[in-house]
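Undergrad: Once you've had a glance at the structure underneath, I'll fire off some questions.
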Amino acid sequence: MFPWLLIVLMSVFMESQAITQDTDAELAGARAYLRISERLGTAGQITYDEIGAVKKAGFDIVINLAPADEERNQLEGYLVTEQGMAYIQIPVSWEEPSQRDLQLFFDVMKANKDRQVFVHCFANMRVSAFVYLYRTLLLGESEDVARADLAKIWDPATRPQWAAFIEEARKAAGPR
């Protein structure tokens, strides 16, 4: 490779990183915010005031995995679409997460693989488990890398229903 080409590529990468950090700055205060990649970010429940920051960070779609709650997210769908982003809500039960909901999440992620997606729930626990499974089972990412991001939020082994949910999804996916 030509040395000048390497310098150009490095400067483009560094500029991209700086832009992501700058645009994410307003989301830093969002509950359990975690930027997974250039195209994927996760968090706990965002406030109505943080919706503009989600848009400013470059996200095109907001996926909410929390059930509807009058206090927490009553106007969220309206405010997200008012900002020009798409809004999808998949109400995942905390006590009984389902493989059906996981498959719907996978389908939505596949359909939007070329867009910037922001996924949230109340505490980023449902989301981090779903995103972990998406990354390892569908994208084929490293178990260690995806597990490290999951551990930044929580350990699903502390909740039997979530440990069983993850194990069931891994078994359904078959050997890797």
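Letters A, B, ... mark the chains of the structure tokens in the order given; residue numbers begin at 1 per chain; ligand numbers begin at 1, in order shown.
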Could you write out, as a ChimeraX atom specification, all the residues of chain A that DSSP marks as strand (DSSP E)?
TA: /A:34-37,40-43,61-64,86-89,117-120
Undergrad: If we count only C-alpha atoms and set the cut-off at 12 Å, which residues sit around A:Glu50, ignoring sequence neighbours fewer than 6 positions away in its own chain? Please answer as a VMD selection string.
TA: chain A and resid 24 to 31 33 43 to 44 56 to 57 76 79 to 80 83
Undergrad: Write the selection just made, keeping C-alpha atoms, as a PDB file, in the first residue's frame?
TA:
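See out-v9.pdb below for the written result:
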```pdb
ATOM      1  CA  ASP A  24     -22.553  11.166  21.092  1.00  0.00           C
ATOM      2  CA  ALA A  25     -21.583  13.783  23.676  1.00  0.00           C
ATOM      3  CA  GLU A  26     -25.201  14.841  24.170  1.00  0.00           C
ATOM      4  CA  LEU A  27     -26.205  11.206  24.744  1.00  0.00           C
ATOM      5  CA  ALA A  28     -23.525  10.613  27.380  1.00  0.00           C
ATOM      6  CA  GLY A  29     -26.044  11.428  30.097  1.00  0.00           C
ATOM      7  CA  ALA A  30     -28.640   8.983  28.792  1.00  0.00           C
ATOM      8  CA  ARG A  31     -29.193   6.041  31.101  1.00  0.00           C
ATOM      9  CA  TYR A  33     -25.828   4.615  26.916  1.00  0.00           C
ATOM     10  CA  ALA A  43     -29.454   2.792  26.146  1.00  0.00           C
ATOM     11  CA  GLY A  44     -31.991   2.651  28.895  1.00  0.00           C
ATOM     12  CA  LYS A  56     -28.132  14.540  16.282  1.00  0.00           C
ATOM     13  CA  ALA A  57     -26.008  11.434  16.924  1.00  0.00           C
ATOM     14  CA  GLU A  76     -42.013   8.764  22.590  1.00  0.00           C
ATOM     15  CA  LEU A  79     -41.688  12.720  19.288  1.00  0.00           C
ATOM     16  CA  VAL A  80     -39.268  10.346  17.529  1.00  0.00           C
ATOM     17  CA  GLN A  83     -37.765  14.356  14.490  1.00  0.00           C
TER      18      GLN A  83
END
```
Undergrad: Using only C-alpha atoms, which protein or nucleic acid residues come within 8 Å of stretch 158-168 of chain A? Drop anything in the same chain fewer than 5 positions from it, and give the result as a ChimeraX atom specification.
TA: /A:95-99,129,133
Undergrad: Can you pull out every residue within 7 Å of A:Phe59, counting only C-alpha atoms, but drop anything in the same chain fewer than 3 positions away, and send it as a list in words?
TA: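 My list of contacting residues is Val54, Lys55, Gln116, Val117 and Phe118 of chain A.
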Undergrad: Considering only C-alpha atoms, state which residue in the set A:Ala173, A:Val92, A:Leu75, A:Ile61 is at the smallest distance from A:Val108.
TA: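 For A:Val108, the nearest of the given residues is A:Ile61.
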Undergrad: Excluding stretch 110-113 of chain A and residues on its chain fewer than 2 positions from it, collect all residues at most 12 Å away from it, counting only C-alpha atoms, and give them as JSON, numbers by chain.
TA: {"A": [38, 39, 40, 59, 60, 61, 62, 63, 86, 88, 103, 104, 105, 106, 107, 108, 115, 116, 117, 118, 134, 135, 138, 139]}
Undergrad: Given only C-alpha atoms as the basis, pick out the residue of A:Leu65, A:Gly140, A:Val131, A:Trp154 nearest to A:Pro175.
TA: A:Gly140
